[in-house]
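See below for upload-v6.pdb, which holds PDB, C-alpha atoms.
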ATOM      1  CA  MET A 883       1.703 -10.049  -8.125  1.00  0.00           C
ATOM      2  CA  THR A 884       0.157  -7.738 -10.725  1.00  0.00           C
ATOM      3  CA  TYR A 885      -3.036  -7.453  -8.660  1.00  0.00           C
ATOM      4  CA  LEU A 886      -0.995  -6.549  -5.576  1.00  0.00           C
ATOM      5  CA  LEU A 887       0.848  -3.829  -7.492  1.00  0.00           C
ATOM      6  CA  MET A 888      -2.464  -2.446  -8.725  1.00  0.00           C
ATOM      7  CA  MET A 889      -3.807  -2.381  -5.178  1.00  0.00           C
ATOM      8  CA  ILE A 890      -0.688  -0.591  -3.943  1.00  0.00           C
ATOM      9  CA  GLU A 891      -1.043   2.045  -6.641  1.00  0.00           C
ATOM     10  CA  SER A 892      -4.725   2.472  -5.840  1.00  0.00           C
ATOM     11  CA  TYR A 893      -4.092   2.956  -2.112  1.00  0.00           C
ATOM     12  CA  ARG A 894      -1.196   5.306  -2.853  1.00  0.00           C
ATOM     13  CA  ASN A 895      -3.439   7.508  -4.984  1.00  0.00           C
ATOM     14  CA  GLU A 896      -6.180   7.379  -2.365  1.00  0.00           C
ATOM     15  CA  LEU A 897      -3.691   8.317   0.339  1.00  0.00           C
ATOM     16  CA  PHE A 898      -2.627  11.445  -1.537  1.00  0.00           C
ATOM     17  CA  SER A 899      -6.249  12.428  -2.090  1.00  0.00           C
ATOM     18  CA  LEU A 900      -7.210  11.860   1.531  1.00  0.00           C
ATOM     19  CA  ALA A 901      -4.196  13.784   2.823  1.00  0.00           C
ATOM     20  CA  GLU A 902      -5.049  16.690   0.562  1.00  0.00           C
ATOM     21  CA  GLN A 903      -8.725  16.657   1.493  1.00  0.00           C
ATOM     22  CA  TYR A 904      -8.596  15.867   5.229  1.00  0.00           C
ATOM     23  CA  GLY A 905      -4.969  16.504   6.206  1.00  0.00           C
ATOM     24  CA  PRO A 906      -2.109  14.110   6.857  1.00  0.00           C
ATOM     25  CA  THR A 907      -3.127  13.316  10.441  1.00  0.00           C
ATOM     26  CA  SER A 908      -6.820  12.586   9.910  1.00  0.00           C
ATOM     27  CA  ALA A 909      -8.123   9.161  10.898  1.00  0.00           C
ATOM     28  CA  ARG A 910      -9.069   8.399   7.281  1.00  0.00           C
ATOM     29  CA  THR A 911      -5.609   9.275   5.995  1.00  0.00           C
ATOM     30  CA  ILE A 912      -3.858   7.271   8.696  1.00  0.00           C
ATOM     31  CA  GLU A 913      -6.081   4.232   8.115  1.00  0.00           C
ATOM     32  CA  CYS A 914      -5.321   4.316   4.390  1.00  0.00           C
ATOM     33  CA  SER A 915      -1.612   4.762   5.103  1.00  0.00           C
ATOM     34  CA  GLN A 916      -1.620   1.721   7.387  1.00  0.00           C
ATOM     35  CA  LYS A 917      -3.337  -0.401   4.744  1.00  0.00           C
ATOM     36  CA  LEU A 918      -0.794   0.750   2.179  1.00  0.00           C
ATOM     37  CA  ASP A 919       1.998  -0.187   4.609  1.00  0.00           C
ATOM     38  CA  GLU A 920       0.517  -3.681   4.958  1.00  0.00           C
ATOM     39  CA  LEU A 921       0.424  -4.126   1.198  1.00  0.00           C
ATOM     40  CA  LEU A 922       3.986  -2.864   0.795  1.00  0.00           C
ATOM     41  CA  ASN A 923       5.180  -5.222   3.535  1.00  0.00           C
ATOM     42  CA  LEU A 924       3.423  -8.095   1.766  1.00  0.00           C
ATOM     43  CA  LEU A 925       5.108  -7.162  -1.513  1.00  0.00           C
ATOM     44  CA  MET A 926       8.518  -7.070   0.161  1.00  0.00           C
ATOM     45  CA  ALA A 927       7.925 -10.475   1.767  1.00  0.00           C
ATOM     46  CA  LEU A 928       6.847 -11.992  -1.542  1.00  0.00           C
ATOM     47  CA  GLU A 929       9.895 -10.571  -3.295  1.00  0.00           C
ATOM     48  CA  GLN A 930      12.210 -11.942  -0.586  1.00  0.00           C
ATOM     49  CA  ASN A 931      10.621 -15.397  -0.837  1.00  0.00           C
ATOM     50  CA  GLN A 932      10.964 -15.280  -4.599  1.00  0.00           C
ATOM     51  CA  GLN A 933      14.675 -14.515  -4.257  1.00  0.00           C
ATOM     52  CA  LEU A 934      15.188 -17.355  -1.798  1.00  0.00           C
ATOM     53  CA  TYR A 935      13.659 -19.935  -4.106  1.00  0.00           C
ATOM     54  CA  SER A 936      15.179 -18.686  -7.374  1.00  0.00           C
TER      55      SER A 936
END

Rewrite the structure of this file - the entire thing - as structure tokens.
Amino acid sequence: MTYLLMMIESYRNELFSLAEQYGPTSARTIECSQKLDELLNLLMALEQNQQLYS
């Protein structure tokens, strides 16, 4: 889980940088945002599974 949180933070920082450099609607920014969304969805799913089996 720690690795996943590190990846989320990394993509979040990259997203801010890309949005600042290329704008919020650039293909690069959107691609990074989508990857971040995937990681956040994975984190939420893992947390829900953890709650079910606790």

Legend entry - Straight-line distance linking CA of Met926 in chain A with CA of Leu887 in chain A, stated in Å to one decimal: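 That distance, rounded to one decimal, is 11.3 Å.
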
message: Report, in Å to a single decimal, how far apart CA of Thr911 in chain A and CA of Gln930 in chain A are.
response: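 Distance between the two atoms: 28.5 Å.
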
Next on the checklist: What's the separation between CA of Ser915 in chain A and CA of Arg894 in chain A, in Å to one decimal place?
Outcome noted: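 These two atoms are separated by 8.0 Å.
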
Explicit residue set for the PyMOL selection byres ((chain A and resi 925) around 12), as a PDB file with C-alpha atoms, in the frame of the given file:
ATOM      1  CA  MET A 883       1.703 -10.049  -8.125  1.00  0.00           C
ATOM      2  CA  THR A 884       0.157  -7.738 -10.725  1.00  0.00           C
ATOM      3  CA  TYR A 885      -3.036  -7.453  -8.660  1.00  0.00           C
ATOM      4  CA  LEU A 886      -0.995  -6.549  -5.576  1.00  0.00           C
ATOM      5  CA  LEU A 887       0.848  -3.829  -7.492  1.00  0.00           C
ATOM      6  CA  MET A 888      -2.464  -2.446  -8.725  1.00  0.00           C
ATOM      7  CA  MET A 889      -3.807  -2.381  -5.178  1.00  0.00           C
ATOM      8  CA  ILE A 890      -0.688  -0.591  -3.943  1.00  0.00           C
ATOM      9  CA  LEU A 918      -0.794   0.750   2.179  1.00  0.00           C
ATOM     10  CA  ASP A 919       1.998  -0.187   4.609  1.00  0.00           C
ATOM     11  CA  GLU A 920       0.517  -3.681   4.958  1.00  0.00           C
ATOM     12  CA  LEU A 921       0.424  -4.126   1.198  1.00  0.00           C
ATOM     13  CA  LEU A 922       3.986  -2.864   0.795  1.00  0.00           C
ATOM     14  CA  ASN A 923       5.180  -5.222   3.535  1.00  0.00           C
ATOM     15  CA  LEU A 924       3.423  -8.095   1.766  1.00  0.00           C
ATOM     16  CA  MET A 926       8.518  -7.070   0.161  1.00  0.00           C
ATOM     17  CA  ALA A 927       7.925 -10.475   1.767  1.00  0.00           C
ATOM     18  CA  LEU A 928       6.847 -11.992  -1.542  1.00  0.00           C
ATOM     19  CA  GLU A 929       9.895 -10.571  -3.295  1.00  0.00           C
ATOM     20  CA  GLN A 930      12.210 -11.942  -0.586  1.00  0.00           C
ATOM     21  CA  ASN A 931      10.621 -15.397  -0.837  1.00  0.00           C
ATOM     22  CA  GLN A 932      10.964 -15.280  -4.599  1.00  0.00           C
TER      23      GLN A 932
END

Given 5 Å on each side, where is the centre and what are the edge lengths in Å to one decimal of the axis-aligned box enclosing the listed atoms of range 886-896 of chain A, as AutoDock Vina command-line options?
--center_x -2.7 --center_y 0.5 --center_z -5.4 --size_x 17.0 --size_y 24.1 --size_z 16.6

Which residues are near Glu913 in chain A? Cut-off 12 Å, only C-alpha atoms, ignore same chain within fewer than 6 positions. Put them as an MDAnalysis selection string. chainID A and resid 893 896:897 900:901 906:907 919:920
